[in-house]
$ cat coords-v6.txt   # compact mmCIF, C-alpha atoms
# COMPACT_ATOMS: atom_id res chain seq x y z
CA MET E 228 104.95 65.36 26.33
CA THR E 229 102.02 65.28 28.76
CA THR E 230 99.28 67.83 28.05
CA LEU E 231 97.21 69.23 30.92
CA LEU E 232 94.01 71.18 30.32
CA LEU E 233 93.32 73.84 32.97
CA PRO E 234 90.08 75.90 33.04
CA THR E 235 90.24 79.68 33.01
CA THR E 236 87.97 79.58 36.09
CA LEU E 237 90.83 78.21 38.19
CA SER E 238 92.09 80.87 40.62
CA ASP E 239 94.69 78.79 42.47
CA ASP E 240 97.31 77.68 39.95
CA PRO E 241 99.12 74.38 40.48
CA THR E 242 102.86 73.89 40.22
CA VAL E 243 103.49 72.23 36.85
CA PRO E 244 106.79 70.68 35.74
CA PRO E 245 108.40 72.31 32.68
CA ASP E 246 107.97 69.15 30.60
CA VAL E 247 104.17 69.34 30.95
CA ARG E 248 102.29 71.34 28.32
CA VAL E 249 99.53 73.45 29.88
CA VAL E 250 96.55 74.57 27.82
CA ARG E 251 94.04 77.00 29.27
CA TYR E 252 90.50 76.54 28.07
CA ASP E 253 87.18 78.40 28.43
CA VAL E 254 84.63 76.25 30.29
CA GLY E 255 81.83 77.84 28.26
CA GLU E 256 83.28 76.66 24.95
CA PRO E 257 84.23 73.29 23.46
CA VAL E 258 87.78 72.13 24.12
CA PRO E 259 90.03 73.71 21.45
CA ASP E 260 90.98 71.46 18.56
CA ASP E 261 94.72 71.91 19.19
CA ALA E 262 94.34 70.34 22.65
CA LEU E 263 92.49 67.14 21.75
CA ASP E 264 95.62 65.15 22.56
CA ALA E 265 95.32 66.10 26.26
CA ASP E 266 96.24 63.45 28.83
CA ALA E 267 94.68 65.23 31.84
CA LEU E 268 91.73 67.55 32.34
CA VAL E 269 90.74 69.75 35.28
CA LEU E 270 87.02 70.60 35.59
CA TRP E 271 85.66 73.62 37.44
CA GLY E 272 82.46 75.40 36.46
CA ASN E 273 82.00 73.37 33.28
CA GLY E 274 78.48 73.02 31.94
CA PRO E 275 77.08 69.54 31.27
CA GLU E 276 77.20 69.95 27.48
CA GLN E 277 80.83 71.09 27.48
CA THR E 278 81.83 68.29 29.86
CA ALA E 279 80.10 65.65 27.75
CA ASP E 280 81.77 67.12 24.66
CA ALA E 281 85.17 66.82 26.35
CA ALA E 282 84.45 63.22 27.31
CA ARG E 283 83.57 62.43 23.71
CA ARG E 284 86.42 64.25 21.92
CA LEU E 285 89.39 63.80 24.27
CA THR E 286 90.19 60.25 23.21
CA ARG E 287 93.70 60.19 24.78
CA LEU E 288 92.49 61.32 28.19
CA ARG E 289 93.77 59.31 31.17
CA TRP E 290 92.89 61.44 34.20
CA VAL E 291 90.12 63.92 35.08
CA GLN E 292 90.30 66.11 38.19
CA THR E 293 87.02 67.76 39.14
CA LEU E 294 87.21 70.44 41.82
CA ALA E 295 83.61 69.81 42.86
CA ALA E 296 83.20 67.95 46.15
CA GLY E 297 80.57 65.71 44.58
CA PRO E 298 81.67 64.03 41.33
CA ASP E 299 78.13 63.38 40.06
CA ALA E 300 78.39 65.84 37.13
CA ALA E 301 81.71 64.36 36.01
CA LEU E 302 80.35 60.84 36.36
CA ALA E 303 77.36 61.72 34.19
CA ALA E 304 79.54 63.12 31.39
CA GLY E 305 80.47 59.73 29.96
CA PHE E 306 84.25 59.59 30.33
CA ALA E 307 85.74 56.27 29.28
CA ASP E 308 85.97 53.57 31.96
CA ASP E 309 89.77 53.61 31.91
CA VAL E 310 89.93 57.34 32.71
CA VAL E 311 90.81 57.92 36.38
CA LEU E 312 88.43 60.41 38.00
CA THR E 313 89.42 62.31 41.14
CA SER E 314 87.15 64.64 43.09
CA GLY E 315 87.58 67.89 44.99
CA ARG E 316 86.59 66.27 48.28
CA GLY E 317 87.96 68.36 51.14
CA LEU E 318 88.40 71.57 49.14
CA HIS E 319 84.98 72.91 50.15
CA ASP E 320 84.84 71.78 53.77
CA GLY E 321 85.53 75.19 55.29
CA PRO E 322 83.31 77.29 52.98
CA VAL E 323 80.35 74.88 53.19
CA ALA E 324 80.66 74.61 56.98
CA GLU E 325 80.74 78.40 57.20
CA HIS E 326 77.66 78.82 55.01
CA THR E 327 75.77 76.13 56.91
CA LEU E 328 76.56 77.88 60.17
CA ALA E 329 75.27 81.14 58.65
CA LEU E 330 71.98 79.46 57.69
CA LEU E 331 71.60 77.96 61.16
CA LEU E 332 72.24 81.30 62.84
CA ALA E 333 69.82 82.99 60.44
CA ALA E 334 67.17 80.45 61.45
CA ALA E 335 67.81 80.77 65.17
CA ARG E 336 67.93 84.58 65.07
CA ARG E 337 65.05 84.92 62.57
CA LEU E 338 67.06 87.00 60.12
CA PRO E 339 64.62 86.50 57.20
CA ASP E 340 61.77 87.84 59.37
CA LEU E 341 63.92 90.76 60.49
CA VAL E 342 64.73 91.68 56.88
CA ARG E 343 61.05 91.52 55.91
CA ALA E 344 60.16 93.74 58.86
CA GLN E 345 62.87 96.22 57.87
CA ASP E 346 61.58 96.32 54.29
CA ALA E 347 58.13 97.15 55.71
CA HIS E 348 59.56 99.76 58.14
CA ARG E 349 58.05 97.70 60.97
CA TRP E 350 59.57 97.40 64.43
CA ALA E 351 59.34 93.61 64.95
CA GLY E 352 58.93 93.69 68.71
CA GLU E 353 58.00 90.02 68.84
CA LEU E 354 61.53 89.18 67.68
CA GLY E 355 63.21 91.33 70.30
CA GLY E 356 63.00 91.58 74.06
CA MET E 357 62.37 88.48 76.15
CA GLN E 358 62.44 85.15 74.31
CA ASP E 359 61.44 81.67 75.46
CA THR E 360 64.47 79.38 75.18
CA ARG E 361 63.04 76.36 76.99
CA PRO E 362 63.59 72.97 75.30
CA GLY E 363 60.84 72.08 72.85
CA GLN E 364 60.08 75.69 72.00
CA ALA E 365 60.93 77.54 68.80
CA ILE E 366 64.70 77.79 68.36
CA ARG E 367 65.97 81.16 69.57
CA THR E 368 69.61 80.20 70.12
CA LEU E 369 72.00 77.44 69.10
CA ASP E 370 73.11 77.12 72.71
CA GLY E 371 71.59 73.84 73.85
CA ALA E 372 69.99 73.11 70.46
CA ARG E 373 70.04 69.48 69.35
CA VAL E 374 71.54 69.42 65.84
CA LEU E 375 71.45 66.22 63.80
CA ILE E 376 73.89 66.15 60.84
CA TRP E 377 73.00 63.51 58.25
CA GLY E 378 76.07 62.72 56.19
CA PHE E 379 78.93 62.90 58.66
CA GLY E 380 81.94 63.29 56.39
CA SER E 381 84.72 65.84 56.11
CA ILE E 382 82.36 68.85 55.90
CA ALA E 383 80.57 67.75 59.06
CA ALA E 384 83.97 67.36 60.72
CA ARG E 385 84.52 71.10 60.15
CA LEU E 386 80.95 72.13 61.01
CA ALA E 387 80.39 70.13 64.20
CA PRO E 388 83.10 71.86 66.31
CA LEU E 389 81.76 75.28 65.25
CA LEU E 390 78.29 74.34 66.44
CA ALA E 391 79.64 72.80 69.63
CA ALA E 392 81.55 76.01 70.37
CA LEU E 393 78.20 77.81 70.36
CA GLY E 394 76.74 75.26 72.77
CA ALA E 395 74.85 73.02 70.35
CA GLN E 396 74.52 69.30 71.02
CA VAL E 397 75.70 67.66 67.80
CA THR E 398 74.94 64.12 66.68
CA GLY E 399 75.93 62.64 63.34
CA VAL E 400 74.18 60.15 61.10
CA ALA E 401 76.14 57.76 58.89
CA THR E 402 75.94 54.27 57.47
CA THR E 403 77.53 52.83 60.59
CA ALA E 404 77.32 54.07 64.17
CA GLY E 405 80.30 55.02 66.31
CA ASP E 406 82.32 58.03 67.34
CA ARG E 407 83.82 60.37 64.73
CA HIS E 408 85.91 63.46 65.35
CA GLY E 409 84.79 63.42 68.97
CA PHE E 410 81.05 63.38 68.22
CA PRO E 411 78.51 60.55 68.57
CA VAL E 412 77.28 59.12 65.28
CA ILE E 413 74.19 56.98 64.90
CA SER E 414 73.26 54.74 61.99
CA THR E 415 70.30 55.42 59.71
CA PHE E 416 68.45 52.59 61.47
CA ASP E 417 68.34 54.76 64.61
CA LEU E 418 66.86 57.80 62.85
CA PRO E 419 63.25 57.12 63.94
CA ASP E 420 64.33 57.36 67.57
CA GLU E 421 66.51 60.48 67.14
CA LEU E 422 64.39 62.65 64.84
CA PRO E 423 61.64 63.43 67.41
CA LEU E 424 64.36 64.83 69.71
CA THR E 425 65.94 67.02 67.00
CA ASP E 426 65.78 70.81 66.80
CA VAL E 427 67.67 71.16 63.49
CA LEU E 428 68.22 68.49 60.84
CA VAL E 429 71.19 69.32 58.60
CA SER E 430 71.56 67.27 55.43
CA LEU E 431 75.04 66.97 53.93
CA LEU E 432 74.17 63.89 51.91
CA PRO E 433 75.72 63.32 48.47
CA ALA E 434 73.58 62.53 45.45
CA THR E 435 73.50 58.77 44.92
CA PRO E 436 70.74 56.32 43.96
CA GLN E 437 70.56 55.36 47.64
CA THR E 438 70.08 58.96 48.88
CA GLN E 439 67.43 60.03 46.34
CA HIS E 440 64.76 61.82 48.45
CA ALA E 441 66.24 60.34 51.62
CA VAL E 442 64.74 63.30 53.50
CA ASP E 443 61.17 62.43 52.59
CA ALA E 444 57.70 62.85 54.06
CA GLY E 445 58.33 60.03 56.53
CA VAL E 446 61.49 61.65 57.88
CA LEU E 447 59.86 65.08 58.07
CA SER E 448 56.84 63.69 59.92
CA LEU E 449 59.09 62.46 62.75
CA LEU E 450 60.58 65.89 63.42
CA PRO E 451 58.92 68.08 66.09
CA ARG E 452 56.88 71.09 64.98
CA HIS E 453 59.55 73.54 66.14
CA ALA E 454 62.32 71.90 64.08
CA TRP E 455 64.17 73.35 61.11
CA VAL E 456 65.54 71.51 58.08
CA VAL E 457 68.76 72.72 56.42
CA ASN E 458 70.00 71.17 53.15
CA VAL E 459 73.50 72.01 51.92
CA GLY E 460 74.32 68.61 50.39
CA ARG E 461 72.53 67.89 47.11
CA GLY E 462 69.02 68.89 46.05
CA ALA E 463 68.09 65.38 44.96
CA THR E 464 68.34 64.14 48.56
CA LEU E 465 65.31 66.18 49.72
CA ASP E 466 61.67 65.70 48.71
CA GLU E 467 60.82 69.36 48.08
CA ALA E 468 57.09 68.71 47.62
CA ALA E 469 56.91 66.93 51.00
CA LEU E 470 58.85 69.76 52.64
CA LEU E 471 56.49 72.37 51.21
CA VAL E 472 53.45 70.48 52.54
CA ALA E 473 55.02 70.19 56.00
CA LEU E 474 55.80 73.92 56.09
CA ARG E 475 52.35 74.96 54.89
CA GLU E 476 50.66 72.69 57.42
CA GLU E 477 52.94 74.15 60.12
CA ARG E 478 54.36 70.74 60.96
CA LEU E 479 57.82 72.31 60.72
CA ALA E 480 59.02 75.71 61.89
CA GLY E 481 61.13 76.43 58.83
CA ALA E 482 63.80 75.37 56.36
CA ALA E 483 66.92 76.76 54.75
CA LEU E 484 67.96 75.32 51.39
CA ASP E 485 71.11 75.94 49.38
CA VAL E 486 70.59 73.14 46.84
CA PHE E 487 67.59 72.08 44.77
CA ASP E 488 66.35 69.33 42.47
CA THR E 489 66.39 71.80 39.57
CA GLU E 490 69.04 74.52 39.47
CA PRO E 491 68.67 77.39 38.94
CA LEU E 492 65.43 77.17 40.90
CA PRO E 493 62.65 78.04 38.41
CA ALA E 494 61.02 81.44 38.90
CA ASP E 495 57.60 79.81 39.19
CA SER E 496 58.64 77.40 41.94
CA PRO E 497 56.32 77.66 44.96
CA LEU E 498 59.38 77.46 47.22
CA TRP E 499 60.12 81.14 46.52
CA ASP E 500 56.91 82.32 48.17
CA GLU E 501 57.05 80.20 51.32
CA PRO E 502 57.68 82.69 54.18
CA ARG E 503 59.32 80.09 56.43
CA LEU E 504 61.84 79.06 53.80
CA LEU E 505 65.27 80.67 53.35
CA ILE E 506 66.81 80.18 49.91
CA SER E 507 70.43 80.60 48.89
CA PRO E 508 71.55 79.88 45.28
CA HIS E 509 73.94 76.95 45.73
CA ALA E 510 76.29 79.39 47.41
CA ALA E 511 77.80 77.25 50.18
CA GLY E 512 80.74 76.02 48.13
CA GLY E 513 82.17 77.68 45.06
CA ARG E 514 85.50 78.38 46.77
CA PRO E 515 87.79 75.35 46.38
CA MET E 516 90.38 76.15 49.02
CA GLY E 517 93.74 74.50 48.29
CA SER E 518 92.81 73.41 44.76
CA GLY E 519 96.26 74.26 43.43
CA ASP E 520 97.93 72.00 45.98
CA LEU E 521 95.54 69.13 45.20
CA ILE E 522 96.12 69.40 41.44
CA THR E 523 99.89 69.59 42.01
CA ALA E 524 99.90 66.51 44.23
CA ASN E 525 97.72 64.49 41.86
CA LEU E 526 99.67 65.62 38.80
CA THR E 527 102.92 64.50 40.47
CA ALA E 528 101.34 61.12 41.27
CA PHE E 529 99.91 60.85 37.74
CA LEU E 530 103.30 61.48 36.13
CA SER E 531 105.15 59.08 38.43
CA GLY E 532 102.56 56.31 38.49
CA GLY E 533 101.82 56.94 42.16
CA LYS E 534 98.55 56.92 44.08
CA LEU E 535 96.19 59.83 43.36
CA ARG E 536 94.08 61.46 46.06
CA ASN E 537 90.27 61.38 46.05
CA VAL E 538 89.91 58.66 43.40
CA VAL E 539 86.22 58.12 42.62
CA GLU E 540 85.06 54.51 42.45
CA ARG E 541 83.13 53.74 39.28

$ encode --input "coords-v6.txt" --output "structure tokens"
Amino acid sequence: MTTLLLPTTLSDDPTVPPDVRVVRYDVGEPVPDDALDADALVLWGNGPEQTADAARRLTRLRWVQTLAAGPDAALAAGFADDVVLTSGRGLHDGPVAEHTLALLLAAARRLPDLVRAQDAHRWAGELGGMQDTRPGQAIRTLDGARVLIWGFGSIAARLAPLLAALGAQVTGVATTAGDRHGFPVISTFDLPDELPLTDVLVSLLPATPQTQHAVDAGVLSLLPRHAWVVNVGRGATLDEAALLVALREERLAGAALDVFDTEPLPADSPLWDEPRLLISPHAAGGRPMGSGDLITANLTAFLSGGKLRNVVER
């Protein structure tokens, strides 16, 4: 009989055939001893120690389904090379696109400044009344704003139409240039020409050796002074020290970050005190929409020897 380990954090249950044994496990504890014969494991909210422990003790494991969009944590756990790993790519597209849009609107409408003014009981007249919306000025609206999305995958495919509906001019950045989902996409080689024309740079890059600090001091220096940087991909893709320098020297108007090199962000990090920086605690995802359907489809394929969705190359 096939044994499937499901985490108690899973809120969308899959459809499981009656001949499959399901064991629920607590992601904060080691896998129970009576489930060490498991053939399949679903990860969601597991800590690195517990995941590494599962990789070490589940010697009969043949398939791991992580519900995270990025499989980096599962890859780092040390599962055997013959274990098939599938990711949660696509499950977080809607929630992450929604959160990114919220950060962009907060930047354009100066919501952090409005909240600070409210806390101080101050009528922030400079943020109301007539505003200068001419090109090249501080962003006051997404209508007409030039938004550059670096990492033009499935999340960008959900985000770009939302921005376009508000009047933004959206351009993608990917390994190869072309047209995707009805939007122009440039290659990374064309970044030096596009960055000076950008009002908002959105990073949706995954964490890979090639993307480590891809948004670095050189990239930031090419953006205009009124530009904003938004990172909702992975913290490792942004050079936080370079960003802090650019903000403090007023070479950028602001930034909104949902992901960080170290998470949780340490209490003594200087990022907390930067007034032109909006911080959210890795809150863009966390809602794997359709996870039950994905697990069901992949479990069916696993049992029948079919092709699984979202297989991660290793």

$ closest_residue --input "coords-v6.txt" --among "E:His453, E:Val311, E:Trp377, E:Gly405" --to "Leu428 (chain E)" --atoms "only C-alpha atoms"
E:Trp377

$ closest_residue --input "coords-v6.txt" --among "E:Glu540, E:Asp264, E:Asp426, E:Glu490" --to "Pro362 (chain E)" --atoms "all atoms listed in the file"
E:Asp426

$ residues_around --input "coords-v6.txt" --residues "region 509-525 of chain E" --least-positions-apart "2" --cutoff "6 Å" --atoms "all atoms listed in the file" --output "JSON, numbers by chain"
{"E": [239, 240, 241, 242, 318, 319, 322, 323, 326, 485, 486, 507, 527, 528, 529, 535]}

$ residues_around --input "coords-v6.txt" --residues "Asn458 (chain E)" --least-positions-apart "4" --cutoff "12 Å" --atoms "only C-alpha atoms" --output "number ranges by chain"
E: 323-324, 326-328, 330-331, 375-378, 427-433, 440-442, 462-467, 470, 481-488, 504-511

$ residues_near_point --input "coords-v6.txt" --point "(57.1, 76.9, 68.3)" --cutoff "9 Å" --atoms "all atoms listed in the file" --output "list of chain:residue names"
E:Gly363, E:Gln364, E:Ala365, E:Ile366, E:Arg452, E:His453, E:Ala454, E:Leu479, E:Ala480

$ closest_atom_pairs --input "coords-v6.txt" --of "region 296-415 of chain E" --to "region 269-282 of chain E" --cutoff "6 Å" --atoms "all atoms listed in the file" --output "Markdown table"
| residue | atom | partner | partner_atom | distance |
| --- | --- | --- | --- | --- |
| E:Ala304 | CA | E:Ala279 | CA | 4.5 |
| E:Gly305 | CA | E:Ala282 | CA | 5.9 |
| E:Phe306 | CA | E:Ala282 | CA | 4.7 |

$ closest_residue --input "coords-v6.txt" --among "E:Ala392, E:Ala494, E:Arg407, E:Arg343" --to "Gly371 (chain E)" --atoms "all atoms listed in the file"
E:Ala392

$ closest_residue --input "coords-v6.txt" --among "E:Thr236, E:Lys534, E:Ala265, E:Gln437" --to "Val249 (chain E)" --atoms "all atoms listed in the file"
E:Ala265

$ atom_distance --input "coords-v6.txt" --atom1 "CA of Arg367 (chain E)" --atom2 "CA of Leu354 (chain E)"
9.4 Å

$ residues_around --input "coords-v6.txt" --residues "Thr313 (chain E)" --least-positions-apart "4" --cutoff "9 Å" --atoms "all atoms listed in the file" --output "list of chain:residue names"
E:Trp290, E:Val291, E:Gln292, E:Thr293, E:Leu294, E:Pro298, E:Asn525, E:Leu535, E:Arg536, E:Asn537, E:Val538, E:Val539

$ closest_residue --input "coords-v6.txt" --among "E:Thr438, E:Ser448, E:Thr368, E:Thr230" --to "Leu285 (chain E)" --atoms "only C-alpha atoms"
E:Thr230

$ closest_residue --input "coords-v6.txt" --among "E:Gly399, E:Gly460, E:Gly321, E:Pro497" --to "Arg385 (chain E)" --atoms "all atoms listed in the file"
E:Gly321

$ atom_distance --input "coords-v6.txt" --atom1 "CA of Asp261 (chain E)" --atom2 "CA of Gly315 (chain E)"
27.1 Å

$ atom_distance --input "coords-v6.txt" --atom1 "CA of Ala262 (chain E)" --atom2 "CA of Leu233 (chain E)"
10.9 Å

$ decode --input "coords-v6.txt" --residues "region 425-466 of chain E" --atoms "C-alpha atoms" --output "JSON list (two decimals), in the first residue's frame"
[["chain", "number", "residue", "atom", "x", "y", "z"],
["E", 425, "THR", "CA", 11.66, 52.90, -15.62],
["E", 426, "ASP", "CA", 9.37, 54.28, -12.92],
["E", 427, "VAL", "CA", 8.99, 51.02, -10.96],
["E", 428, "LEU", "CA", 11.25, 47.97, -11.06],
["E", 429, "VAL", "CA", 9.44, 44.84, -9.83],
["E", 430, "SER", "CA", 11.61, 41.80, -9.11],
["E", 431, "LEU", "CA", 9.94, 38.39, -9.29],
["E", 432, "LEU", "CA", 13.22, 36.54, -9.68],
["E", 433, "PRO", "CA", 13.70, 33.08, -8.14],
["E", 434, "ALA", "CA", 16.69, 32.30, -5.96],
["E", 435, "THR", "CA", 19.37, 30.62, -8.07],
["E", 436, "PRO", "CA", 23.16, 30.96, -8.23],
["E", 437, "GLN", "CA", 22.66, 33.08, -11.35],
["E", 438, "THR", "CA", 20.23, 35.52, -9.68],
["E", 439, "GLN", "CA", 22.20, 36.08, -6.45],
["E", 440, "HIS", "CA", 22.14, 39.89, -5.93],
["E", 441, "ALA", "CA", 21.02, 40.38, -9.54],
["E", 442, "VAL", "CA", 19.48, 43.69, -8.43],
["E", 443, "ASP", "CA", 22.78, 45.18, -7.35],
["E", 444, "ALA", "CA", 24.37, 48.62, -7.08],
["E", 445, "GLY", "CA", 24.93, 48.73, -10.83],
["E", 446, "VAL", "CA", 21.27, 48.07, -11.60],
["E", 447, "LEU", "CA", 20.08, 50.55, -8.98],
["E", 448, "SER", "CA", 22.42, 53.25, -10.31],
["E", 449, "LEU", "CA", 20.73, 53.10, -13.72],
["E", 450, "LEU", "CA", 17.26, 53.80, -12.35],
["E", 451, "PRO", "CA", 16.05, 57.43, -12.26],
["E", 452, "ARG", "CA", 15.87, 59.22, -8.90],
["E", 453, "HIS", "CA", 12.07, 59.07, -8.85],
["E", 454, "ALA", "CA", 11.95, 55.28, -9.32],
["E", 455, "TRP", "CA", 10.75, 52.67, -6.85],
["E", 456, "VAL", "CA", 12.04, 49.12, -6.38],
["E", 457, "VAL", "CA", 9.63, 46.34, -5.36],
["E", 458, "ASN", "CA", 10.90, 42.84, -4.50],
["E", 459, "VAL", "CA", 8.40, 40.01, -4.11],
["E", 460, "GLY", "CA", 10.56, 37.22, -5.54],
["E", 461, "ARG", "CA", 13.36, 36.05, -3.24],
["E", 462, "GLY", "CA", 15.46, 38.11, -0.83],
["E", 463, "ALA", "CA", 18.74, 36.73, -2.14],
["E", 464, "THR", "CA", 18.16, 38.42, -5.52],
["E", 465, "LEU", "CA", 18.50, 41.96, -4.09],
["E", 466, "ASP", "CA", 21.63, 43.57, -2.64]]
